[in-house]
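Participant: Here it is, the structure, as structure tokens.
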Amino acid sequence: MIEVRDLAFGWGGEPLFRGLSFDVPPGEALALLGPNGAGKSTILRLLAGLLRPRAGEVRLDGRSIGTLAPHERALRVAYVPQGIDPRLPFTVFETVLMGRYAHLRGRWEGEADRAVVRRVLGTMRLEAVAGRPMAEVSGGSGSGR
């Protein structure tokens, strides 16, 4: 369960947003909609624990995301920013598989890891783009750049 309570964030001066609160129950997906520059990517970075809020808290299964050790956070949270370098030839499947890195403990990925990726891609209805290069998949629409 992801719990967000009274979150506020800004890069300086006036906050980009304040008072943001919502829950994402286990097994549910969250969609962030808004115009460019509205703060969608910033909210995702806050949820992943990559940024610290000015106020409020993000909790993951009852624990503040900011208190998780980096390895523990990596086991539970993955973040892929938009704007993949087109010189990196990774497919959507391979990119999601990289999110399993913290689980590998020095070994190569196996069939169980690939099964997790297939399940996640299925949940998000992304099977059709699994073999496409990330650089060809739009961050917002999946329709190409």
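Labels used: A, B, ... for chains in the order of the structure tokens, numbers from 1 for residues in each chain, and numbers from 1 for ligands as shown.
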Mind checking DSSP for chain A and telling me the helix (DSSP H, G or I) residues as an NGL selection string?
Facilitator: :A and (40-47 or 65-67 or 70-76 or 92-98 or 101-104 or 111-123 or 127-129 or 134-136)
Participant: Could the residues in this selection be saved with N, CA and C atoms as a short mmCIF file (atom, residue, chain, number, x, y, z; two decimals), in the first residue's frame?
Facilitator:
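Below you can see part.cif, which holds the result:
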data_model
loop_
_atom_site.label_atom_id
_atom_site.label_comp_id
_atom_site.auth_asym_id
_atom_site.auth_seq_id
_atom_site.Cartn_x
_atom_site.Cartn_y
_atom_site.Cartn_z
N LYS A 40 3.96 15.87 -12.70
CA LYS A 40 3.72 14.43 -12.71
C LYS A 40 5.00 13.64 -12.45
N SER A 41 6.06 13.95 -13.16
CA SER A 41 7.34 13.24 -12.97
C SER A 41 7.90 13.51 -11.59
N THR A 42 7.71 14.72 -11.08
CA THR A 42 8.17 15.05 -9.73
C THR A 42 7.44 14.21 -8.70
N ILE A 43 6.14 14.03 -8.87
CA ILE A 43 5.37 13.19 -7.94
C ILE A 43 5.90 11.76 -7.99
N LEU A 44 6.17 11.23 -9.18
CA LEU A 44 6.72 9.87 -9.28
C LEU A 44 8.06 9.77 -8.57
N ARG A 45 8.91 10.78 -8.71
CA ARG A 45 10.21 10.76 -8.04
C ARG A 45 10.04 10.84 -6.52
N LEU A 46 9.05 11.57 -6.05
CA LEU A 46 8.75 11.61 -4.61
C LEU A 46 8.26 10.24 -4.13
N LEU A 47 7.39 9.60 -4.91
CA LEU A 47 6.88 8.28 -4.54
C LEU A 47 8.01 7.25 -4.48
N ILE A 65 8.95 6.11 3.17
CA ILE A 65 9.88 5.78 2.09
C ILE A 65 11.26 6.34 2.37
N GLY A 66 11.33 7.45 3.07
CA GLY A 66 12.60 8.08 3.38
C GLY A 66 13.43 7.33 4.41
N THR A 67 12.82 6.39 5.14
CA THR A 67 13.57 5.63 6.15
C THR A 67 14.09 4.30 5.62
N PRO A 70 18.77 2.13 1.05
CA PRO A 70 18.76 2.09 -0.42
C PRO A 70 18.50 0.70 -1.01
N HIS A 71 19.14 -0.35 -0.47
CA HIS A 71 18.93 -1.69 -1.03
C HIS A 71 17.49 -2.15 -0.80
N GLU A 72 16.96 -1.87 0.38
CA GLU A 72 15.58 -2.27 0.67
C GLU A 72 14.60 -1.52 -0.25
N ARG A 73 14.86 -0.23 -0.47
CA ARG A 73 14.01 0.54 -1.38
C ARG A 73 14.11 -0.03 -2.80
N ALA A 74 15.32 -0.40 -3.22
CA ALA A 74 15.51 -0.96 -4.57
C ALA A 74 14.78 -2.29 -4.74
N LEU A 75 14.62 -3.05 -3.66
CA LEU A 75 13.87 -4.30 -3.74
C LEU A 75 12.38 -4.06 -3.94
N ARG A 76 11.90 -2.87 -3.57
CA ARG A 76 10.47 -2.62 -3.55
C ARG A 76 9.99 -1.58 -4.56
N VAL A 92 11.69 -2.78 -24.16
CA VAL A 92 10.82 -2.55 -23.00
C VAL A 92 11.00 -3.71 -22.02
N PHE A 93 10.99 -4.95 -22.51
CA PHE A 93 11.14 -6.12 -21.65
C PHE A 93 12.46 -6.06 -20.88
N GLU A 94 13.55 -5.78 -21.58
CA GLU A 94 14.87 -5.72 -20.94
C GLU A 94 14.95 -4.60 -19.90
N THR A 95 14.30 -3.49 -20.19
CA THR A 95 14.31 -2.37 -19.25
C THR A 95 13.57 -2.73 -17.98
N VAL A 96 12.41 -3.36 -18.11
CA VAL A 96 11.67 -3.80 -16.92
C VAL A 96 12.47 -4.86 -16.17
N LEU A 97 13.13 -5.74 -16.89
CA LEU A 97 13.96 -6.78 -16.27
C LEU A 97 15.08 -6.16 -15.43
N MET A 98 15.61 -5.01 -15.87
CA MET A 98 16.65 -4.33 -15.09
C MET A 98 16.14 -3.92 -13.72
N TYR A 101 17.19 -6.03 -10.74
CA TYR A 101 18.60 -6.08 -10.37
C TYR A 101 18.82 -6.31 -8.88
N ALA A 102 18.11 -5.60 -8.03
CA ALA A 102 18.31 -5.72 -6.58
C ALA A 102 17.96 -7.12 -6.08
N HIS A 103 17.14 -7.85 -6.82
CA HIS A 103 16.73 -9.20 -6.41
C HIS A 103 17.73 -10.28 -6.84
N LEU A 104 18.65 -9.94 -7.72
CA LEU A 104 19.52 -10.95 -8.33
C LEU A 104 20.66 -11.42 -7.43
N GLU A 111 14.53 -17.71 -15.21
CA GLU A 111 13.16 -17.80 -15.71
C GLU A 111 12.17 -17.19 -14.73
N ALA A 112 12.41 -17.32 -13.43
CA ALA A 112 11.49 -16.72 -12.45
C ALA A 112 11.46 -15.20 -12.59
N ASP A 113 12.62 -14.60 -12.85
CA ASP A 113 12.68 -13.14 -13.04
C ASP A 113 11.95 -12.74 -14.32
N ARG A 114 12.16 -13.51 -15.39
CA ARG A 114 11.48 -13.22 -16.65
C ARG A 114 9.96 -13.39 -16.51
N ALA A 115 9.54 -14.36 -15.68
CA ALA A 115 8.11 -14.55 -15.43
C ALA A 115 7.51 -13.35 -14.70
N VAL A 116 8.26 -12.80 -13.76
CA VAL A 116 7.79 -11.59 -13.05
C VAL A 116 7.60 -10.46 -14.05
N VAL A 117 8.56 -10.29 -14.96
CA VAL A 117 8.47 -9.21 -15.95
C VAL A 117 7.27 -9.44 -16.86
N ARG A 118 7.06 -10.66 -17.31
CA ARG A 118 5.89 -10.94 -18.17
C ARG A 118 4.59 -10.64 -17.43
N ARG A 119 4.54 -10.99 -16.14
CA ARG A 119 3.34 -10.72 -15.34
C ARG A 119 3.10 -9.22 -15.22
N VAL A 120 4.16 -8.47 -14.93
CA VAL A 120 4.03 -7.02 -14.78
C VAL A 120 3.60 -6.38 -16.11
N LEU A 121 4.23 -6.78 -17.20
CA LEU A 121 3.86 -6.23 -18.51
C LEU A 121 2.41 -6.58 -18.84
N GLY A 122 1.98 -7.78 -18.47
CA GLY A 122 0.59 -8.17 -18.68
C GLY A 122 -0.37 -7.34 -17.85
N THR A 123 -0.02 -7.12 -16.59
CA THR A 123 -0.85 -6.30 -15.72
C THR A 123 -1.04 -4.90 -16.29
N GLU A 127 2.19 -5.99 -23.22
CA GLU A 127 2.79 -7.13 -23.92
C GLU A 127 3.12 -6.79 -25.36
N ALA A 128 2.27 -6.00 -26.02
CA ALA A 128 2.45 -5.69 -27.44
C ALA A 128 3.72 -4.89 -27.72
N VAL A 129 4.22 -4.16 -26.72
CA VAL A 129 5.43 -3.35 -26.94
C VAL A 129 6.65 -3.95 -26.26
N MET A 134 13.09 0.80 -26.19
CA MET A 134 12.55 1.87 -25.34
C MET A 134 12.56 3.21 -26.06
N ALA A 135 13.58 3.46 -26.87
CA ALA A 135 13.70 4.75 -27.56
C ALA A 135 12.56 4.98 -28.55
N GLU A 136 11.86 3.91 -28.94
CA GLU A 136 10.75 4.04 -29.89
C GLU A 136 9.40 4.15 -29.21
#
Participant: Quick one: distance from CA of Pro35 in chain A to CA of Arg54 in chain A in Å, one decimal?
Facilitator: 22.4 Å
Participant: Please provide as a list in words all residues within 8 Å of Pro133 in chain A, with the sequence filter that same-chain residues fewer than 5 positions apart are discarded (counting only C-alpha atoms).
Facilitator: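 In the requested format, the answer is Pro89, Phe90, Thr91 and Val92 of chain A.
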Participant: What's the 6 Å shell around range 20-33 of chain A, counting only C-alpha atoms, without same-chain residues fewer than 6 positions away, as a ChimeraX atom specification?
Facilitator: /A:1-7
Participant: When DSSP is applied to the backbone of this structure, which of chain A are assigned strand (DSSP E)? Write them out as a list in words.
Facilitator: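 Checking each residue of chain A, the strand (DSSP E) ones are Ile2, Glu3, Val4, Arg5, Asp6, Leu7, Ala8, Phe9, Phe17, Arg18, Gly19, Leu20, Ser21, Phe22, Asp23, Val24, Ala55, Gly56, Glu57, Val58, Arg59, Leu60, Arg63 and Ser64 of chain A.
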Participant: To one decimal in Å, tell me the separation between CA of Gly10 in chain A and CA of Gly56 in chain A.
Facilitator: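 So the two atoms, CA of Gly10 in chain A and CA of Gly56 in chain A, lie 12.6 Å apart.
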